[in-house]
Amino acid sequence: MAAIAFKQHHTQHSAIRLDIANHWGMFLLLDKNPRNKERKAVITDEQKHRRKAGCKLAEEFRYNECSTVERVNGWLKDEFNARTVRVKGHSKVMAHLMFNIITLTANQLVQKR
């Protein structure tokens with residue numbers, strides 16, 4: 001009984017959210033969370049059919065919209081440990097990051113050859 005009441009409350013809350021978004025001319029970017037095997041199968045089938053039809057997936061659009069600066073920042077954080085800098089002071093942090101930029105530049109020059 002409590003589960004039914006929760007589901008009804010959740011559905012009403014979602015409907016209110018959609019009404020507010022529609023009123024302001026917005027749309028919600030909420031993915032449906034597949035919690036069961038049937039829903040997961042439906043999503044994977046949909047992705048497979050979209051690929052066959054020549055449609056791009058949202059992940060592909062997001063990667064293409066990612067700018068070069070964002071890719072470099074992500075690479076610095078992931079590959080060159082810029083996420084956890086273990087020095088104190090503005091000048092030391094700046095020097096640490098600049099050494100990483102020099103390393104990244106050298107790496108790109110070597111790969112271009």
# chains A, B, ... in the order shown; residues from 1 in each chain; ligands from 1
$ residues_around --residues "Ile102 of chain A" --least-positions-apart "6" --cutoff "12 Å" --atoms "only C-alpha atoms" --output "PyMOL selection string"
chain A and resi 76+80+95-96+108-109
$ residues_around --residues "Val93 of chain A" --least-positions-apart "5" --cutoff "12 Å" --atoms "only C-alpha atoms" --output "PyMOL selection string"
chain A and resi 81-88+98-100
$ write_last_selection --atoms "C-alpha atoms" --output "compact mmCIF listing (two decimals), in the first residue's frame"
# COMPACT_ATOMS: atom_id res chain seq x y z
CA ASN A 81 47.82 14.60 -12.10
CA ALA A 82 46.62 18.19 -12.20
CA ARG A 83 43.55 17.14 -10.21
CA THR A 84 45.59 16.64 -7.03
CA VAL A 85 48.39 19.19 -6.80
CA ARG A 86 50.42 18.58 -3.64
CA VAL A 87 52.24 21.86 -3.34
CA LYS A 88 51.25 24.99 -1.45
CA MET A 98 53.16 24.87 -16.47
CA PHE A 99 55.54 21.89 -16.29
CA ASN A 100 52.55 19.72 -17.12
$ atom_distance --atom1 "atom CA of Gly74 of chain A" --atom2 "atom CA of Leu97 of chain A"
13.0 Å
$ atom_distance --atom1 "atom CA of Val72 of chain A" --atom2 "atom CA of Thr105 of chain A"
10.4 Å
$ decode --residues "segment 81-97 of chain A" --atoms "N, CA and C atoms" --output "PDB file, in the first residue's frame"
ATOM      1  N   ASN A  81      48.086  14.391 -13.536  1.00  0.00           N
ATOM      2  CA  ASN A  81      47.823  14.601 -12.101  1.00  0.00           C
ATOM      3  C   ASN A  81      47.603  16.061 -11.720  1.00  0.00           C
ATOM      4  N   ALA A  82      46.927  16.808 -12.549  1.00  0.00           N
ATOM      5  CA  ALA A  82      46.617  18.195 -12.201  1.00  0.00           C
ATOM      6  C   ALA A  82      45.405  18.273 -11.285  1.00  0.00           C
ATOM      7  N   ARG A  83      44.715  17.158 -11.096  1.00  0.00           N
ATOM      8  CA  ARG A  83      43.551  17.135 -10.214  1.00  0.00           C
ATOM      9  C   ARG A  83      43.977  17.234  -8.750  1.00  0.00           C
ATOM     10  N   THR A  84      45.094  16.614  -8.420  1.00  0.00           N
ATOM     11  CA  THR A  84      45.590  16.643  -7.033  1.00  0.00           C
ATOM     12  C   THR A  84      46.993  17.228  -7.024  1.00  0.00           C
ATOM     13  N   VAL A  85      47.097  18.507  -6.878  1.00  0.00           N
ATOM     14  CA  VAL A  85      48.389  19.187  -6.803  1.00  0.00           C
ATOM     15  C   VAL A  85      48.804  19.214  -5.336  1.00  0.00           C
ATOM     16  N   ARG A  86      50.002  18.732  -5.039  1.00  0.00           N
ATOM     17  CA  ARG A  86      50.420  18.577  -3.643  1.00  0.00           C
ATOM     18  C   ARG A  86      51.491  19.593  -3.240  1.00  0.00           C
ATOM     19  N   VAL A  87      51.351  20.774  -3.754  1.00  0.00           N
ATOM     20  CA  VAL A  87      52.243  21.861  -3.339  1.00  0.00           C
ATOM     21  C   VAL A  87      51.389  23.004  -2.826  1.00  0.00           C
ATOM     22  N   LYS A  88      51.983  23.840  -1.982  1.00  0.00           N
ATOM     23  CA  LYS A  88      51.255  24.986  -1.448  1.00  0.00           C
ATOM     24  C   LYS A  88      51.816  26.261  -2.040  1.00  0.00           C
ATOM     25  N   GLY A  89      50.943  27.198  -2.253  1.00  0.00           N
ATOM     26  CA  GLY A  89      51.369  28.486  -2.780  1.00  0.00           C
ATOM     27  C   GLY A  89      51.007  28.635  -4.238  1.00  0.00           C
ATOM     28  N   HIS A  90      50.597  29.854  -4.563  1.00  0.00           N
ATOM     29  CA  HIS A  90      50.148  30.149  -5.915  1.00  0.00           C
ATOM     30  C   HIS A  90      51.256  29.910  -6.935  1.00  0.00           C
ATOM     31  N   SER A  91      52.434  30.396  -6.669  1.00  0.00           N
ATOM     32  CA  SER A  91      53.523  30.284  -7.648  1.00  0.00           C
ATOM     33  C   SER A  91      53.961  28.830  -7.843  1.00  0.00           C
ATOM     34  N   LYS A  92      53.933  28.025  -6.769  1.00  0.00           N
ATOM     35  CA  LYS A  92      54.321  26.621  -6.896  1.00  0.00           C
ATOM     36  C   LYS A  92      53.283  25.828  -7.688  1.00  0.00           C
ATOM     37  N   VAL A  93      52.015  26.128  -7.444  1.00  0.00           N
ATOM     38  CA  VAL A  93      50.960  25.453  -8.206  1.00  0.00           C
ATOM     39  C   VAL A  93      51.056  25.840  -9.672  1.00  0.00           C
ATOM     40  N   MET A  94      51.280  27.120  -9.952  1.00  0.00           N
ATOM     41  CA  MET A  94      51.402  27.585 -11.331  1.00  0.00           C
ATOM     42  C   MET A  94      52.602  26.920 -12.016  1.00  0.00           C
ATOM     43  N   ALA A  95      53.723  26.816 -11.318  1.00  0.00           N
ATOM     44  CA  ALA A  95      54.903  26.156 -11.893  1.00  0.00           C
ATOM     45  C   ALA A  95      54.606  24.686 -12.181  1.00  0.00           C
ATOM     46  N   HIS A  96      53.926  24.021 -11.251  1.00  0.00           N
ATOM     47  CA  HIS A  96      53.569  22.614 -11.432  1.00  0.00           C
ATOM     48  C   HIS A  96      52.701  22.431 -12.677  1.00  0.00           C
ATOM     49  N   LEU A  97      51.708  23.286 -12.848  1.00  0.00           N
ATOM     50  CA  LEU A  97      50.818  23.182 -13.998  1.00  0.00           C
ATOM     51  C   LEU A  97      51.529  23.542 -15.308  1.00  0.00           C
TER      52      LEU A  97
END
